[in-house]
Amino acid sequence: MGAAKKLFIFYINSSIHVALAVISLVVITWLHLRIPAEKSLLLFILFGSICGYNFVKYAGITGLHHRSLTKRLRFIQVFTLLCLFGFLISVFLVEIQVLLWSAFFGLFTLLYALPVFRKRRNLRSISGVKIFIIAFVWAGVTVVLPVLPFKNGIFDTLLPEFLQRFLLVLVWILP
């Protein structure tokens, strides 16, 4: 297999494409609401998205078998660890409100992935809930977090923007 193909497979499997999609929606929010971009928030969301998605995607696989992982999964694990360091550094660059709202959305991510309910179930295993949790978290991260530093007058348009983003992500998930 060629180097370009290996790099592309890593790009897909390490959730970089997902994080770039999240970042793109954040930028769309800033452009649509005519508010300035914040590089520190972009880094926070980028690293957080990679860590969150890789946690959801690989926690079940790597949790108990960390010593016998394939080479491909080890690279993704190391990459995610590096992104976790980037995320932890970026925590100190964003406002406390962003951290609080991120913890709220992060809680849904944890409940989505971890078996915390009876019979070792998580939100992902509850029929019909999965797509709504994903759409809610994506809408929150890409609409609520970018406008937090700019409270003046923007909250009037926040609910319609949030609902539009929620529905957009919901429609993307359906296929």
# chains A, B, ... in the order shown; residues from 1 in each chain; ligands from 1
>>> closest_atom_pairs(of="range 40-96 of chain A", to="range 124-134 of chain A", cutoff="12 Å", atoms="only C-alpha atoms", output="tab-separated table")
residue	atom	partner	partner_atom	distance
A:Gly52	CA	A:Ile134	CA	11.7
A:Tyr53	CA	A:Ile134	CA	10.8
A:Val56	CA	A:Arg124	CA	9.8
A:Lys57	CA	A:Arg124	CA	11.5
>>> write_last_selection(atoms="all heavy atoms", output="compact mmCIF listing (two decimals), in the first residue's frame")
# COMPACT_ATOMS: atom_id res chain seq x y z
N GLY A 52 -12.67 13.44 21.50
CA GLY A 52 -14.02 12.94 21.76
C GLY A 52 -14.44 11.86 20.78
O GLY A 52 -14.95 10.80 21.18
N TYR A 53 -14.23 12.11 19.51
CA TYR A 53 -14.63 11.12 18.51
C TYR A 53 -13.81 9.84 18.61
O TYR A 53 -14.34 8.74 18.51
CB TYR A 53 -14.55 11.70 17.09
CG TYR A 53 -15.92 11.98 16.56
CD1 TYR A 53 -16.61 13.13 16.93
CD2 TYR A 53 -16.57 11.07 15.74
CE1 TYR A 53 -17.88 13.37 16.48
CE2 TYR A 53 -17.85 11.31 15.28
CZ TYR A 53 -18.50 12.46 15.66
OH TYR A 53 -19.78 12.68 15.23
N VAL A 56 -15.07 7.85 21.62
CA VAL A 56 -16.31 7.14 21.34
C VAL A 56 -16.05 5.95 20.41
O VAL A 56 -16.58 4.86 20.61
CB VAL A 56 -17.36 8.10 20.72
CG1 VAL A 56 -18.53 7.35 20.14
CG2 VAL A 56 -17.83 9.11 21.75
N LYS A 57 -15.21 6.18 19.41
CA LYS A 57 -14.98 5.17 18.38
C LYS A 57 -14.12 4.00 18.87
O LYS A 57 -14.37 2.86 18.51
CB LYS A 57 -14.30 5.85 17.18
CG LYS A 57 -14.34 5.06 15.91
CD LYS A 57 -14.26 5.94 14.68
CE LYS A 57 -12.91 6.30 14.22
NZ LYS A 57 -12.88 6.97 12.92
>>> residues_around(residues="range 98-110 of chain A", least_positions_apart="5", cutoff="12 Å", atoms="only C-alpha atoms", output="JSON, numbers by chain")
{"A": [40, 41, 42, 44, 45, 48, 49, 51, 52, 53, 54, 55, 56, 57, 59, 87, 88, 90, 91, 92, 93, 115, 116, 117, 122, 123, 124, 129, 130, 132, 133, 134, 135, 136, 137, 138, 139, 140, 141, 142, 143, 144, 145, 146, 147, 148, 149, 150]}
>>> residues_around(residues="Phe47 in chain A", least_positions_apart="5", cutoff="7 Å", atoms="only C-alpha atoms", output="PyMOL selection string")
chain A and resi 83-84+86-87
>>> select_by_dssp(residues="range 46-138 of chain A", states="helix (DSSP H, G or I)", output="PDB file with N, CA, C and O atoms, in the first residue's frame")
ATOM      1  N   LEU A  46     -10.997  21.828  17.867  1.00  0.00           N
ATOM      2  CA  LEU A  46     -10.326  20.862  16.996  1.00  0.00           C
ATOM      3  C   LEU A  46      -9.790  19.685  17.809  1.00  0.00           C
ATOM      4  O   LEU A  46     -10.113  18.524  17.536  1.00  0.00           O
ATOM      5  N   PHE A  47      -8.981  19.978  18.825  1.00  0.00           N
ATOM      6  CA  PHE A  47      -8.395  18.911  19.635  1.00  0.00           C
ATOM      7  C   PHE A  47      -9.466  18.158  20.420  1.00  0.00           C
ATOM      8  O   PHE A  47      -9.404  16.934  20.549  1.00  0.00           O
ATOM      9  N   GLY A  48     -10.454  18.885  20.929  1.00  0.00           N
ATOM     10  CA  GLY A  48     -11.530  18.240  21.669  1.00  0.00           C
ATOM     11  C   GLY A  48     -12.356  17.314  20.793  1.00  0.00           C
ATOM     12  O   GLY A  48     -12.763  16.225  21.227  1.00  0.00           O
ATOM     13  N   SER A  49     -12.596  17.710  19.555  1.00  0.00           N
ATOM     14  CA  SER A  49     -13.362  16.873  18.624  1.00  0.00           C
ATOM     15  C   SER A  49     -12.619  15.583  18.301  1.00  0.00           C
ATOM     16  O   SER A  49     -13.209  14.494  18.283  1.00  0.00           O
ATOM     17  N   ILE A  50     -11.338  15.690  18.043  1.00  0.00           N
ATOM     18  CA  ILE A  50     -10.553  14.491  17.749  1.00  0.00           C
ATOM     19  C   ILE A  50     -10.545  13.554  18.947  1.00  0.00           C
ATOM     20  O   ILE A  50     -10.800  12.353  18.813  1.00  0.00           O
ATOM     21  N   CYS A  51     -10.283  14.101  20.132  1.00  0.00           N
ATOM     22  CA  CYS A  51     -10.255  13.265  21.341  1.00  0.00           C
ATOM     23  C   CYS A  51     -11.622  12.643  21.604  1.00  0.00           C
ATOM     24  O   CYS A  51     -11.718  11.447  21.896  1.00  0.00           O
ATOM     25  N   GLY A  52     -12.674  13.442  21.498  1.00  0.00           N
ATOM     26  CA  GLY A  52     -14.020  12.945  21.762  1.00  0.00           C
ATOM     27  C   GLY A  52     -14.443  11.863  20.782  1.00  0.00           C
ATOM     28  O   GLY A  52     -14.948  10.804  21.184  1.00  0.00           O
ATOM     29  N   TYR A  53     -14.228  12.111  19.508  1.00  0.00           N
ATOM     30  CA  TYR A  53     -14.629  11.124  18.507  1.00  0.00           C
ATOM     31  C   TYR A  53     -13.809   9.844  18.613  1.00  0.00           C
ATOM     32  O   TYR A  53     -14.342   8.738  18.507  1.00  0.00           O
ATOM     33  N   ASN A  54     -12.512   9.976  18.831  1.00  0.00           N
ATOM     34  CA  ASN A  54     -11.695   8.776  18.961  1.00  0.00           C
ATOM     35  C   ASN A  54     -12.018   8.015  20.243  1.00  0.00           C
ATOM     36  O   ASN A  54     -11.962   6.791  20.268  1.00  0.00           O
ATOM     37  N   PHE A  55     -12.388   8.730  21.286  1.00  0.00           N
ATOM     38  CA  PHE A  55     -12.822   8.065  22.515  1.00  0.00           C
ATOM     39  C   PHE A  55     -14.075   7.234  22.251  1.00  0.00           C
ATOM     40  O   PHE A  55     -14.136   6.063  22.608  1.00  0.00           O
ATOM     41  N   VAL A  56     -15.065   7.850  21.624  1.00  0.00           N
ATOM     42  CA  VAL A  56     -16.312   7.144  21.340  1.00  0.00           C
ATOM     43  C   VAL A  56     -16.052   5.955  20.411  1.00  0.00           C
ATOM     44  O   VAL A  56     -16.580   4.863  20.610  1.00  0.00           O
ATOM     45  N   LYS A  57     -15.205   6.176  19.410  1.00  0.00           N
ATOM     46  CA  LYS A  57     -14.979   5.169  18.382  1.00  0.00           C
ATOM     47  C   LYS A  57     -14.117   3.998  18.871  1.00  0.00           C
ATOM     48  O   LYS A  57     -14.371   2.855  18.507  1.00  0.00           O
ATOM     49  N   TYR A  58     -13.111   4.286  19.707  1.00  0.00           N
ATOM     50  CA  TYR A  58     -12.131   3.255  20.041  1.00  0.00           C
ATOM     51  C   TYR A  58     -12.094   2.844  21.505  1.00  0.00           C
ATOM     52  O   TYR A  58     -11.353   1.920  21.858  1.00  0.00           O
ATOM     53  N   ALA A  59     -12.839   3.477  22.381  1.00  0.00           N
ATOM     54  CA  ALA A  59     -12.774   3.135  23.809  1.00  0.00           C
ATOM     55  C   ALA A  59     -13.114   1.674  24.048  1.00  0.00           C
ATOM     56  O   ALA A  59     -12.454   0.996  24.835  1.00  0.00           O
ATOM     57  N   GLY A  60     -14.126   1.180  23.388  1.00  0.00           N
ATOM     58  CA  GLY A  60     -14.518  -0.212  23.562  1.00  0.00           C
ATOM     59  C   GLY A  60     -13.469  -1.182  23.058  1.00  0.00           C
ATOM     60  O   GLY A  60     -13.268  -2.253  23.630  1.00  0.00           O
ATOM     61  N   ILE A  61     -12.777  -0.813  21.989  1.00  0.00           N
ATOM     62  CA  ILE A  61     -11.776  -1.700  21.381  1.00  0.00           C
ATOM     63  C   ILE A  61     -10.486  -1.686  22.192  1.00  0.00           C
ATOM     64  O   ILE A  61      -9.922  -2.730  22.505  1.00  0.00           O
ATOM     65  N   THR A  62     -10.023  -0.503  22.533  1.00  0.00           N
ATOM     66  CA  THR A  62      -8.696  -0.382  23.139  1.00  0.00           C
ATOM     67  C   THR A  62      -8.707  -0.494  24.649  1.00  0.00           C
ATOM     68  O   THR A  62      -7.664  -0.718  25.241  1.00  0.00           O
ATOM     69  N   HIS A  66      -5.176  -2.941  25.425  1.00  0.00           N
ATOM     70  CA  HIS A  66      -4.187  -1.926  25.046  1.00  0.00           C
ATOM     71  C   HIS A  66      -2.813  -2.503  24.718  1.00  0.00           C
ATOM     72  O   HIS A  66      -2.052  -1.907  23.998  1.00  0.00           O
ATOM     73  N   ARG A  67      -2.487  -3.672  25.204  1.00  0.00           N
ATOM     74  CA  ARG A  67      -1.177  -4.261  24.917  1.00  0.00           C
ATOM     75  C   ARG A  67      -1.148  -5.021  23.593  1.00  0.00           C
ATOM     76  O   ARG A  67      -0.085  -5.246  23.030  1.00  0.00           O
ATOM     77  N   SER A  68      -2.301  -5.400  23.100  1.00  0.00           N
ATOM     78  CA  SER A  68      -2.330  -6.202  21.873  1.00  0.00           C
ATOM     79  C   SER A  68      -2.939  -5.440  20.694  1.00  0.00           C
ATOM     80  O   SER A  68      -3.481  -6.052  19.792  1.00  0.00           O
ATOM     81  N   LYS A  71      -0.795  -2.147  14.905  1.00  0.00           N
ATOM     82  CA  LYS A  71       0.076  -0.986  14.681  1.00  0.00           C
ATOM     83  C   LYS A  71      -0.758   0.244  14.303  1.00  0.00           C
ATOM     84  O   LYS A  71      -0.505   1.348  14.772  1.00  0.00           O
ATOM     85  N   ARG A  72      -1.779   0.024  13.465  1.00  0.00           N
ATOM     86  CA  ARG A  72      -2.650   1.124  13.029  1.00  0.00           C
ATOM     87  C   ARG A  72      -3.352   1.768  14.231  1.00  0.00           C
ATOM     88  O   ARG A  72      -3.386   2.987  14.357  1.00  0.00           O
ATOM     89  N   LEU A  73      -3.878   0.937  15.126  1.00  0.00           N
ATOM     90  CA  LEU A  73      -4.572   1.481  16.295  1.00  0.00           C
ATOM     91  C   LEU A  73      -3.606   2.139  17.268  1.00  0.00           C
ATOM     92  O   LEU A  73      -3.968   3.103  17.945  1.00  0.00           O
ATOM     93  N   ARG A  74      -2.393   1.650  17.344  1.00  0.00           N
ATOM     94  CA  ARG A  74      -1.396   2.297  18.211  1.00  0.00           C
ATOM     95  C   ARG A  74      -1.085   3.709  17.713  1.00  0.00           C
ATOM     96  O   ARG A  74      -0.939   4.633  18.504  1.00  0.00           O
ATOM     97  N   PHE A  75      -0.955   3.875  16.390  1.00  0.00           N
ATOM     98  CA  PHE A  75      -0.709   5.207  15.835  1.00  0.00           C
ATOM     99  C   PHE A  75      -1.866   6.150  16.163  1.00  0.00           C
ATOM    100  O   PHE A  75      -1.647   7.303  16.530  1.00  0.00           O
ATOM    101  N   ILE A  76      -3.078   5.651  16.039  1.00  0.00           N
ATOM    102  CA  ILE A  76      -4.245   6.472  16.354  1.00  0.00           C
ATOM    103  C   ILE A  76      -4.266   6.800  17.847  1.00  0.00           C
ATOM    104  O   ILE A  76      -4.588   7.929  18.239  1.00  0.00           O
ATOM    105  N   GLN A  77      -3.900   5.841  18.670  1.00  0.00           N
ATOM    106  CA  GLN A  77      -3.860   6.072  20.116  1.00  0.00           C
ATOM    107  C   GLN A  77      -2.822   7.146  20.469  1.00  0.00           C
ATOM    108  O   GLN A  77      -3.097   8.047  21.265  1.00  0.00           O
ATOM    109  N   VAL A  78      -1.640   7.067  19.878  1.00  0.00           N
ATOM    110  CA  VAL A  78      -0.598   8.066  20.124  1.00  0.00           C
ATOM    111  C   VAL A  78      -1.042   9.429  19.603  1.00  0.00           C
ATOM    112  O   VAL A  78      -0.868  10.454  20.274  1.00  0.00           O
ATOM    113  N   PHE A  79      -1.622   9.448  18.402  1.00  0.00           N
ATOM    114  CA  PHE A  79      -2.134  10.703  17.835  1.00  0.00           C
ATOM    115  C   PHE A  79      -3.184  11.330  18.749  1.00  0.00           C
ATOM    116  O   PHE A  79      -3.163  12.537  19.003  1.00  0.00           O
ATOM    117  N   THR A  80      -4.093  10.512  19.259  1.00  0.00           N
ATOM    118  CA  THR A  80      -5.140  11.010  20.152  1.00  0.00           C
ATOM    119  C   THR A  80      -4.533  11.524  21.449  1.00  0.00           C
ATOM    120  O   THR A  80      -4.978  12.549  21.986  1.00  0.00           O
ATOM    121  N   LEU A  81      -3.516  10.872  21.949  1.00  0.00           N
ATOM    122  CA  LEU A  81      -2.833  11.340  23.151  1.00  0.00           C
ATOM    123  C   LEU A  81      -2.182  12.702  22.908  1.00  0.00           C
ATOM    124  O   LEU A  81      -2.267  13.605  23.759  1.00  0.00           O
ATOM    125  N   LEU A  82      -1.554  12.871  21.752  1.00  0.00           N
ATOM    126  CA  LEU A  82      -0.976  14.177  21.403  1.00  0.00           C
ATOM    127  C   LEU A  82      -2.066  15.250  21.306  1.00  0.00           C
ATOM    128  O   LEU A  82      -1.880  16.385  21.763  1.00  0.00           O
ATOM    129  N   CYS A  83      -3.211  14.886  20.731  1.00  0.00           N
ATOM    130  CA  CYS A  83      -4.335  15.829  20.655  1.00  0.00           C
ATOM    131  C   CYS A  83      -4.875  16.143  22.040  1.00  0.00           C
ATOM    132  O   CYS A  83      -5.305  17.270  22.300  1.00  0.00           O
ATOM    133  N   LEU A  84      -4.834  15.160  22.930  1.00  0.00           N
ATOM    134  CA  LEU A  84      -5.263  15.410  24.312  1.00  0.00           C
ATOM    135  C   LEU A  84      -4.355  16.438  24.978  1.00  0.00           C
ATOM    136  O   LEU A  84      -4.840  17.330  25.678  1.00  0.00           O
ATOM    137  N   PHE A  85      -3.056  16.351  24.732  1.00  0.00           N
ATOM    138  CA  PHE A  85      -2.131  17.363  25.264  1.00  0.00           C
ATOM    139  C   PHE A  85      -2.455  18.737  24.680  1.00  0.00           C
ATOM    140  O   PHE A  85      -2.476  19.736  25.399  1.00  0.00           O
ATOM    141  N   GLY A  86      -2.704  18.794  23.377  1.00  0.00           N
ATOM    142  CA  GLY A  86      -3.102  20.056  22.749  1.00  0.00           C
ATOM    143  C   GLY A  86      -4.390  20.590  23.339  1.00  0.00           C
ATOM    144  O   GLY A  86      -4.532  21.787  23.588  1.00  0.00           O
ATOM    145  N   PHE A  87      -5.334  19.696  23.590  1.00  0.00           N
ATOM    146  CA  PHE A  87      -6.610  20.087  24.202  1.00  0.00           C
ATOM    147  C   PHE A  87      -6.378  20.651  25.601  1.00  0.00           C
ATOM    148  O   PHE A  87      -6.926  21.698  25.957  1.00  0.00           O
ATOM    149  N   LEU A  88      -5.560  19.966  26.398  1.00  0.00           N
ATOM    150  CA  LEU A  88      -5.302  20.429  27.763  1.00  0.00           C
ATOM    151  C   LEU A  88      -4.606  21.788  27.783  1.00  0.00           C
ATOM    152  O   LEU A  88      -4.892  22.625  28.638  1.00  0.00           O
ATOM    153  N   ILE A  89      -3.720  22.018  26.847  1.00  0.00           N
ATOM    154  CA  ILE A  89      -3.072  23.336  26.749  1.00  0.00           C
ATOM    155  C   ILE A  89      -4.094  24.393  26.347  1.00  0.00           C
ATOM    156  O   ILE A  89      -4.137  25.482  26.914  1.00  0.00           O
ATOM    157  N   SER A  90      -4.957  24.050  25.396  1.00  0.00           N
ATOM    158  CA  SER A  90      -5.939  25.036  24.918  1.00  0.00           C
ATOM    159  C   SER A  90      -7.011  25.342  25.965  1.00  0.00           C
ATOM    160  O   SER A  90      -7.676  26.372  25.876  1.00  0.00           O
ATOM    161  N   VAL A  91      -7.174  24.475  26.949  1.00  0.00           N
ATOM    162  CA  VAL A  91      -8.120  24.730  28.044  1.00  0.00           C
ATOM    163  C   VAL A  91      -7.778  26.053  28.730  1.00  0.00           C
ATOM    164  O   VAL A  91      -8.669  26.796  29.152  1.00  0.00           O
ATOM    165  N   ILE A  96     -13.887  30.680  30.812  1.00  0.00           N
ATOM    166  CA  ILE A  96     -14.485  29.714  31.727  1.00  0.00           C
ATOM    167  C   ILE A  96     -15.877  29.283  31.244  1.00  0.00           C
ATOM    168  O   ILE A  96     -16.250  28.119  31.395  1.00  0.00           O
ATOM    169  N   GLN A  97     -16.632  30.194  30.632  1.00  0.00           N
ATOM    170  CA  GLN A  97     -17.960  29.840  30.108  1.00  0.00           C
ATOM    171  C   GLN A  97     -17.851  28.754  29.046  1.00  0.00           C
ATOM    172  O   GLN A  97     -18.680  27.855  28.979  1.00  0.00           O
ATOM    173  N   VAL A  98     -16.850  28.853  28.217  1.00  0.00           N
ATOM    174  CA  VAL A  98     -16.623  27.850  27.176  1.00  0.00           C
ATOM    175  C   VAL A  98     -16.340  26.498  27.825  1.00  0.00           C
ATOM    176  O   VAL A  98     -16.856  25.469  27.390  1.00  0.00           O
ATOM    177  N   LEU A  99     -15.542  26.500  28.873  1.00  0.00           N
ATOM    178  CA  LEU A  99     -15.228  25.250  29.565  1.00  0.00           C
ATOM    179  C   LEU A  99     -16.474  24.639  30.207  1.00  0.00           C
ATOM    180  O   LEU A  99     -16.669  23.422  30.147  1.00  0.00           O
ATOM    181  N   LEU A 100     -17.308  25.470  30.809  1.00  0.00           N
ATOM    182  CA  LEU A 100     -18.521  24.961  31.455  1.00  0.00           C
ATOM    183  C   LEU A 100     -19.488  24.364  30.435  1.00  0.00           C
ATOM    184  O   LEU A 100     -20.022  23.265  30.634  1.00  0.00           O
ATOM    185  N   TRP A 101     -19.717  25.088  29.336  1.00  0.00           N
ATOM    186  CA  TRP A 101     -20.600  24.562  28.291  1.00  0.00           C
ATOM    187  C   TRP A 101     -19.989  23.331  27.626  1.00  0.00           C
ATOM    188  O   TRP A 101     -20.703  22.379  27.281  1.00  0.00           O
ATOM    189  N   SER A 102     -18.679  23.321  27.471  1.00  0.00           N
ATOM    190  CA  SER A 102     -18.008  22.155  26.890  1.00  0.00           C
ATOM    191  C   SER A 102     -18.154  20.937  27.799  1.00  0.00           C
ATOM    192  O   SER A 102     -18.333  19.819  27.316  1.00  0.00           O
ATOM    193  N   ALA A 103     -18.082  21.161  29.097  1.00  0.00           N
ATOM    194  CA  ALA A 103     -18.288  20.058  30.046  1.00  0.00           C
ATOM    195  C   ALA A 103     -19.709  19.513  29.921  1.00  0.00           C
ATOM    196  O   ALA A 103     -19.928  18.299  29.979  1.00  0.00           O
ATOM    197  N   PHE A 104     -20.665  20.402  29.726  1.00  0.00           N
ATOM    198  CA  PHE A 104     -22.056  19.978  29.546  1.00  0.00           C
ATOM    199  C   PHE A 104     -22.198  19.101  28.306  1.00  0.00           C
ATOM    200  O   PHE A 104     -22.762  18.006  28.360  1.00  0.00           O
ATOM    201  N   PHE A 105     -21.660  19.573  27.180  1.00  0.00           N
ATOM    202  CA  PHE A 105     -21.731  18.788  25.945  1.00  0.00           C
ATOM    203  C   PHE A 105     -20.861  17.532  26.042  1.00  0.00           C
ATOM    204  O   PHE A 105     -21.207  16.483  25.501  1.00  0.00           O
ATOM    205  N   GLY A 106     -19.747  17.630  26.737  1.00  0.00           N
ATOM    206  CA  GLY A 106     -18.874  16.478  26.938  1.00  0.00           C
ATOM    207  C   GLY A 106     -19.538  15.389  27.766  1.00  0.00           C
ATOM    208  O   GLY A 106     -19.288  14.194  27.548  1.00  0.00           O
ATOM    209  N   LEU A 107     -20.387  15.783  28.698  1.00  0.00           N
ATOM    210  CA  LEU A 107     -21.123  14.809  29.502  1.00  0.00           C
ATOM    211  C   LEU A 107     -22.006  13.935  28.608  1.00  0.00           C
ATOM    212  O   LEU A 107     -22.074  12.716  28.791  1.00  0.00           O
ATOM    213  N   PHE A 108     -22.639  14.547  27.633  1.00  0.00           N
ATOM    214  CA  PHE A 108     -23.450  13.769  26.684  1.00  0.00           C
ATOM    215  C   PHE A 108     -22.575  12.800  25.886  1.00  0.00           C
ATOM    216  O   PHE A 108     -22.983  11.680  25.591  1.00  0.00           O
ATOM    217  N   THR A 109     -21.374  13.230  25.543  1.00  0.00           N
ATOM    218  CA  THR A 109     -20.453  12.361  24.826  1.00  0.00           C
ATOM    219  C   THR A 109     -20.067  11.168  25.693  1.00  0.00           C
ATOM    220  O   THR A 109     -20.024  10.027  25.215  1.00  0.00           O
ATOM    221  N   LEU A 110     -19.787  11.407  26.960  1.00  0.00           N
ATOM    222  CA  LEU A 110     -19.453  10.309  27.871  1.00  0.00           C
ATOM    223  C   LEU A 110     -20.619   9.348  28.045  1.00  0.00           C
ATOM    224  O   LEU A 110     -20.452   8.129  27.997  1.00  0.00           O
ATOM    225  N   LEU A 111     -21.820   9.906  28.262  1.00  0.00           N
ATOM    226  CA  LEU A 111     -22.999   9.059  28.429  1.00  0.00           C
ATOM    227  C   LEU A 111     -23.325   8.301  27.142  1.00  0.00           C
ATOM    228  O   LEU A 111     -23.917   7.229  27.181  1.00  0.00           O
ATOM    229  N   TYR A 112     -22.931   8.857  26.027  1.00  0.00           N
ATOM    230  CA  TYR A 112     -23.132   8.217  24.734  1.00  0.00           C
ATOM    231  C   TYR A 112     -22.244   6.984  24.598  1.00  0.00           C
ATOM    232  O   TYR A 112     -22.632   5.983  24.015  1.00  0.00           O
ATOM    233  N   ALA A 113     -21.033   7.064  25.150  1.00  0.00           N
ATOM    234  CA  ALA A 113     -20.045   6.005  24.938  1.00  0.00           C
ATOM    235  C   ALA A 113     -19.929   5.021  26.097  1.00  0.00           C
ATOM    236  O   ALA A 113     -19.718   3.830  25.865  1.00  0.00           O
ATOM    237  N   ARG A 118     -28.378   0.680  33.441  1.00  0.00           N
ATOM    238  CA  ARG A 118     -28.609  -0.732  33.748  1.00  0.00           C
ATOM    239  C   ARG A 118     -28.264  -1.630  32.568  1.00  0.00           C
ATOM    240  O   ARG A 118     -28.408  -1.231  31.416  1.00  0.00           O
ATOM    241  N   LYS A 119     -27.837  -2.819  32.903  1.00  0.00           N
ATOM    242  CA  LYS A 119     -27.483  -3.831  31.903  1.00  0.00           C
ATOM    243  C   LYS A 119     -26.370  -3.364  30.967  1.00  0.00           C
ATOM    244  O   LYS A 119     -26.370  -3.643  29.777  1.00  0.00           O
ATOM    245  N   ARG A 120     -25.451  -2.564  31.513  1.00  0.00           N
ATOM    246  CA  ARG A 120     -24.281  -2.075  30.772  1.00  0.00           C
ATOM    247  C   ARG A 120     -24.662  -1.370  29.473  1.00  0.00           C
ATOM    248  O   ARG A 120     -24.066  -1.573  28.420  1.00  0.00           O
ATOM    249  N   LEU A 123     -26.142   5.683  26.119  1.00  0.00           N
ATOM    250  CA  LEU A 123     -27.134   6.394  25.297  1.00  0.00           C
ATOM    251  C   LEU A 123     -27.116   5.910  23.852  1.00  0.00           C
ATOM    252  O   LEU A 123     -28.135   5.951  23.168  1.00  0.00           O
ATOM    253  N   ARG A 124     -25.983   5.445  23.405  1.00  0.00           N
ATOM    254  CA  ARG A 124     -25.852   4.970  22.029  1.00  0.00           C
ATOM    255  C   ARG A 124     -26.719   3.729  21.785  1.00  0.00           C
ATOM    256  O   ARG A 124     -27.197   3.503  20.684  1.00  0.00           O
ATOM    257  N   SER A 125     -26.913   2.928  22.825  1.00  0.00           N
ATOM    258  CA  SER A 125     -27.652   1.674  22.675  1.00  0.00           C
ATOM    259  C   SER A 125     -29.162   1.835  22.849  1.00  0.00           C
ATOM    260  O   SER A 125     -29.900   0.881  22.649  1.00  0.00           O
ATOM    261  N   LYS A 130     -29.725   7.963  19.643  1.00  0.00           N
ATOM    262  CA  LYS A 130     -28.373   8.196  19.133  1.00  0.00           C
ATOM    263  C   LYS A 130     -28.263   9.434  18.244  1.00  0.00           C
ATOM    264  O   LYS A 130     -27.434  10.310  18.483  1.00  0.00           O
ATOM    265  N   ILE A 131     -29.092   9.528  17.219  1.00  0.00           N
ATOM    266  CA  ILE A 131     -28.951  10.628  16.265  1.00  0.00           C
ATOM    267  C   ILE A 131     -29.279  11.982  16.897  1.00  0.00           C
ATOM    268  O   ILE A 131     -28.698  12.995  16.528  1.00  0.00           O
ATOM    269  N   PHE A 132     -30.177  11.992  17.871  1.00  0.00           N
ATOM    270  CA  PHE A 132     -30.531  13.250  18.524  1.00  0.00           C
ATOM    271  C   PHE A 132     -29.417  13.735  19.443  1.00  0.00           C
ATOM    272  O   PHE A 132     -29.166  14.937  19.544  1.00  0.00           O
ATOM    273  N   ILE A 133     -28.734  12.804  20.107  1.00  0.00           N
ATOM    274  CA  ILE A 133     -27.602  13.169  20.958  1.00  0.00           C
ATOM    275  C   ILE A 133     -26.487  13.760  20.100  1.00  0.00           C
ATOM    276  O   ILE A 133     -25.918  14.809  20.424  1.00  0.00           O
ATOM    277  N   ILE A 134     -26.174  13.106  18.996  1.00  0.00           N
ATOM    278  CA  ILE A 134     -25.118  13.595  18.105  1.00  0.00           C
ATOM    279  C   ILE A 134     -25.467  14.980  17.571  1.00  0.00           C
ATOM    280  O   ILE A 134     -24.642  15.899  17.605  1.00  0.00           O
ATOM    281  N   ALA A 135     -26.687  15.156  17.095  1.00  0.00           N
ATOM    282  CA  ALA A 135     -27.102  16.452  16.539  1.00  0.00           C
ATOM    283  C   ALA A 135     -27.086  17.532  17.612  1.00  0.00           C
ATOM    284  O   ALA A 135     -26.675  18.672  17.353  1.00  0.00           O
ATOM    285  N   PHE A 136     -27.504  17.201  18.830  1.00  0.00           N
ATOM    286  CA  PHE A 136     -27.518  18.170  19.931  1.00  0.00           C
ATOM    287  C   PHE A 136     -26.097  18.617  20.272  1.00  0.00           C
ATOM    288  O   PHE A 136     -25.833  19.819  20.407  1.00  0.00           O
ATOM    289  N   VAL A 137     -25.179  17.680  20.392  1.00  0.00           N
ATOM    290  CA  VAL A 137     -23.796  18.027  20.745  1.00  0.00           C
ATOM    291  C   VAL A 137     -23.133  18.824  19.620  1.00  0.00           C
ATOM    292  O   VAL A 137     -22.475  19.837  19.870  1.00  0.00           O
ATOM    293  N   TRP A 138     -23.320  18.395  18.375  1.00  0.00           N
ATOM    294  CA  TRP A 138     -22.739  19.140  17.254  1.00  0.00           C
ATOM    295  C   TRP A 138     -23.297  20.562  17.193  1.00  0.00           C
ATOM    296  O   TRP A 138     -22.546  21.522  17.006  1.00  0.00           O
TER     297      TRP A 138
END
>>> atom_distance(atom1="CA of Val169 in chain A", atom2="CA of Ser24 in chain A")
12.9 Å
>>> atom_distance(atom1="CA of Phe10 in chain A", atom2="CA of Leu174 in chain A")
25.1 Å
>>> atom_distance(atom1="CA of Tyr11 in chain A", atom2="CA of Leu170 in chain A")
23.8 Å
